[in-house]
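Below is one structure, written out as structure tokens, with a few remarks after it.
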Amino acid sequence: MNRHRLNCPVSLLAVLLAAALLTGCAGTQTINGEVNPDPYEETNRSFYKFNDALDRHIMIPVAENYVKAMPEPVRDSVTNFFDNLEYLNVILHSFLQGKLGQGLSDLTRFVVNSTVGVGGLFDVATPMGIKENDEDLGQTLAVWGVEPGAYLYIPFLGPYTARNSPDVASSYFANPFSYISTLYLLPVTFLNLINDRANLLEASEFVNEASIDPYAFTREAYLQQREYLIHDGNPPVDDIFDDELFDLDAEEEEEEEPKLIIK
């Protein structure tokens, strides 16, 4: 499941969503005929630096202490609980994409984990063979023919595309915890945030150590993940890439073809 989505107060969501849509409405730009998915790179990089500083100085230290204090089985149950709540958004968009069989399976998964799994604390559906899926509003809009638009790096939330940014609101309103008192919502949201960050400690360390440009690495990884999800794990292969592979295979076959030597 996409774990970078967060539950936030409605006012903050409204501001961020409006900004994302206004920024992304111009869509992508072209450079020498090639589509540029990141026309606002300078602004995005500024937001990335802001998020990165916030992450390094606040989120990572808190998440590391959380890992030390909370046993892994407890953290797993916390993850399962919030995943189960967020799964209502998956169910909604499975049906909106016309995937009726998958939608019924997703609904069954939610009911099983919410009951037998003690409110979602335990994932008992997966061992039973009920597959976990990952659907959201961005994927639904893609199925309906909406173009991805510009790549956006949103403060506090992270990477999105203009097409996927409205899912911030969709996932919020589909989450039952969004309708409880703010007094309870804030600590629950904070726990979800810290638990999510703890689950990504190793991944973020890998990005920082293995990439020369973490911003570009994050962007490309995110865009590829979106394509993977939108096409249900079978993204189309670029025709040019196919041609290059074909030409390479042909050259290798010519080199390997035995030559008749006449003396």
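Residues are named by chain letter and number: chains run A, B, ... in the order of the structure tokens, numbers start at 1 in each chain, and ligands are numbered from 1 in the order shown.
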
Fewer than 6 positions away in the same chain doesn't count, so skip those; otherwise give me all residues within 12 Å of Leu191 of chain A, counting only C-alpha atoms, as a PDB file with N, CA and C atoms, in the first residue's frame.
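Done, and the output landed in out-v7.pdb:
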```
ATOM      1  N   LEU A   6      -0.897  10.711   4.132  1.00  0.00           N
ATOM      2  CA  LEU A   6      -1.060  11.016   5.538  1.00  0.00           C
ATOM      3  C   LEU A   6      -2.463  11.550   5.795  1.00  0.00           C
ATOM      4  N   ASN A   7      -2.949  11.356   7.006  1.00  0.00           N
ATOM      5  CA  ASN A   7      -4.208  11.957   7.415  1.00  0.00           C
ATOM      6  C   ASN A   7      -3.914  13.318   8.021  1.00  0.00           C
ATOM      7  N   MET A  59      11.932  14.099  12.159  1.00  0.00           N
ATOM      8  CA  MET A  59      11.246  12.833  11.935  1.00  0.00           C
ATOM      9  C   MET A  59      12.139  11.618  12.166  1.00  0.00           C
ATOM     10  N   VAL A  62      12.950  10.968  15.927  1.00  0.00           N
ATOM     11  CA  VAL A  62      11.758  10.477  16.620  1.00  0.00           C
ATOM     12  C   VAL A  62      11.449   9.043  16.196  1.00  0.00           C
ATOM     13  N   ALA A  63      11.567   8.770  14.896  1.00  0.00           N
ATOM     14  CA  ALA A  63      11.274   7.424  14.386  1.00  0.00           C
ATOM     15  C   ALA A  63      12.269   6.407  14.932  1.00  0.00           C
ATOM     16  N   TYR A  66      11.352   5.644  18.401  1.00  0.00           N
ATOM     17  CA  TYR A  66      10.118   4.862  18.367  1.00  0.00           C
ATOM     18  C   TYR A  66      10.439   3.386  18.121  1.00  0.00           C
ATOM     19  N   MET A  70       9.449   0.513  20.789  1.00  0.00           N
ATOM     20  CA  MET A  70       8.314  -0.342  20.429  1.00  0.00           C
ATOM     21  C   MET A  70       8.798  -1.644  19.807  1.00  0.00           C
ATOM     22  N   ARG A  75       4.776  -2.736  16.399  1.00  0.00           N
ATOM     23  CA  ARG A  75       4.825  -1.843  15.230  1.00  0.00           C
ATOM     24  C   ARG A  75       4.078  -2.457  14.056  1.00  0.00           C
ATOM     25  N   VAL A  78       0.410  -1.903  14.597  1.00  0.00           N
ATOM     26  CA  VAL A  78       0.059  -0.504  14.329  1.00  0.00           C
ATOM     27  C   VAL A  78      -0.040  -0.274  12.821  1.00  0.00           C
ATOM     28  N   THR A  79       0.920  -0.818  12.075  1.00  0.00           N
ATOM     29  CA  THR A  79       0.893  -0.701  10.612  1.00  0.00           C
ATOM     30  C   THR A  79      -0.351  -1.355  10.039  1.00  0.00           C
ATOM     31  N   PHE A  81      -3.193  -1.875  11.504  1.00  0.00           N
ATOM     32  CA  PHE A  81      -4.385  -1.127  11.902  1.00  0.00           C
ATOM     33  C   PHE A  81      -4.644   0.042  10.958  1.00  0.00           C
ATOM     34  N   PHE A  82      -3.603   0.838  10.701  1.00  0.00           N
ATOM     35  CA  PHE A  82      -3.785   2.001   9.833  1.00  0.00           C
ATOM     36  C   PHE A  82      -3.959   1.590   8.368  1.00  0.00           C
ATOM     37  N   TYR A 184      -8.710  13.742  19.433  1.00  0.00           N
ATOM     38  CA  TYR A 184      -8.234  12.366  19.267  1.00  0.00           C
ATOM     39  C   TYR A 184      -7.525  12.168  17.936  1.00  0.00           C
ATOM     40  N   LEU A 185      -7.920  12.968  16.932  1.00  0.00           N
ATOM     41  CA  LEU A 185      -7.358  12.802  15.599  1.00  0.00           C
ATOM     42  C   LEU A 185      -5.873  13.130  15.554  1.00  0.00           C
ATOM     43  N   ARG A 197       7.102   6.547   9.149  1.00  0.00           N
ATOM     44  CA  ARG A 197       8.503   6.963   8.973  1.00  0.00           C
ATOM     45  C   ARG A 197       9.452   5.887   9.478  1.00  0.00           C
ATOM     46  N   ALA A 198       9.082   5.217  10.553  1.00  0.00           N
ATOM     47  CA  ALA A 198       9.911   4.132  11.076  1.00  0.00           C
ATOM     48  C   ALA A 198      10.011   2.992  10.073  1.00  0.00           C
TER      49      ALA A 198
END
```

Alpha helix (DSSP H) positions in segment 38-255 of chain A, given as a PyMOL selection string:
chain A and resi 41-54+60-69+72-96+100-115+137-143+167-173+182-199+201-210+214-230+239-255

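Contact shell of Asn44 of chain A at 12 Å (only C-alpha atoms; same-chain neighbours under 4 positions omitted): Ala20, Thr23, Gly24, Pro37, Asp38, Pro39, Tyr40, Tyr48, Lys49, Phe50, Asn51, Asp52, Ala150, Tyr151, Leu152, Tyr153, Ile154, Pro155, Gly158, Pro159, Tyr160, Thr161, Tyr215, Ala216, Thr218 and Arg219 of chain A.
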
Tell me which protein, DNA and RNA residues are within 8 Å of Ser77 of chain A, counting only C-alpha atoms, leaving out same-chain ones fewer than 6 positions away, and put them as an MDAnalysis selection string.
chainID A and resid 120:122

Output N, CA, C and O atoms of each residue in that selection to a file, as a compact mmCIF listing (two decimals), in the first residue's frame.
```
# COMPACT_ATOMS: atom_id res chain seq x y z
N GLY A 120 -8.33 -4.88 12.70
CA GLY A 120 -7.25 -4.63 11.76
C GLY A 120 -5.86 -4.72 12.37
O GLY A 120 -4.86 -4.51 11.67
N LEU A 121 -5.77 -5.06 13.65
CA LEU A 121 -4.45 -5.17 14.28
C LEU A 121 -3.65 -6.33 13.71
O LEU A 121 -2.41 -6.31 13.75
N PHE A 122 -4.35 -7.33 13.18
CA PHE A 122 -3.67 -8.50 12.62
C PHE A 122 -4.17 -8.73 11.19
O PHE A 122 -5.37 -8.66 10.92
```

Leaving out segment 101-105 of chain A and any residue of its chain fewer than 3 positions from it, which residues lie within 7 Å of it when counting only C-alpha atoms, given as a ChimeraX atom specification?
/A:91,94-95,108-109,130
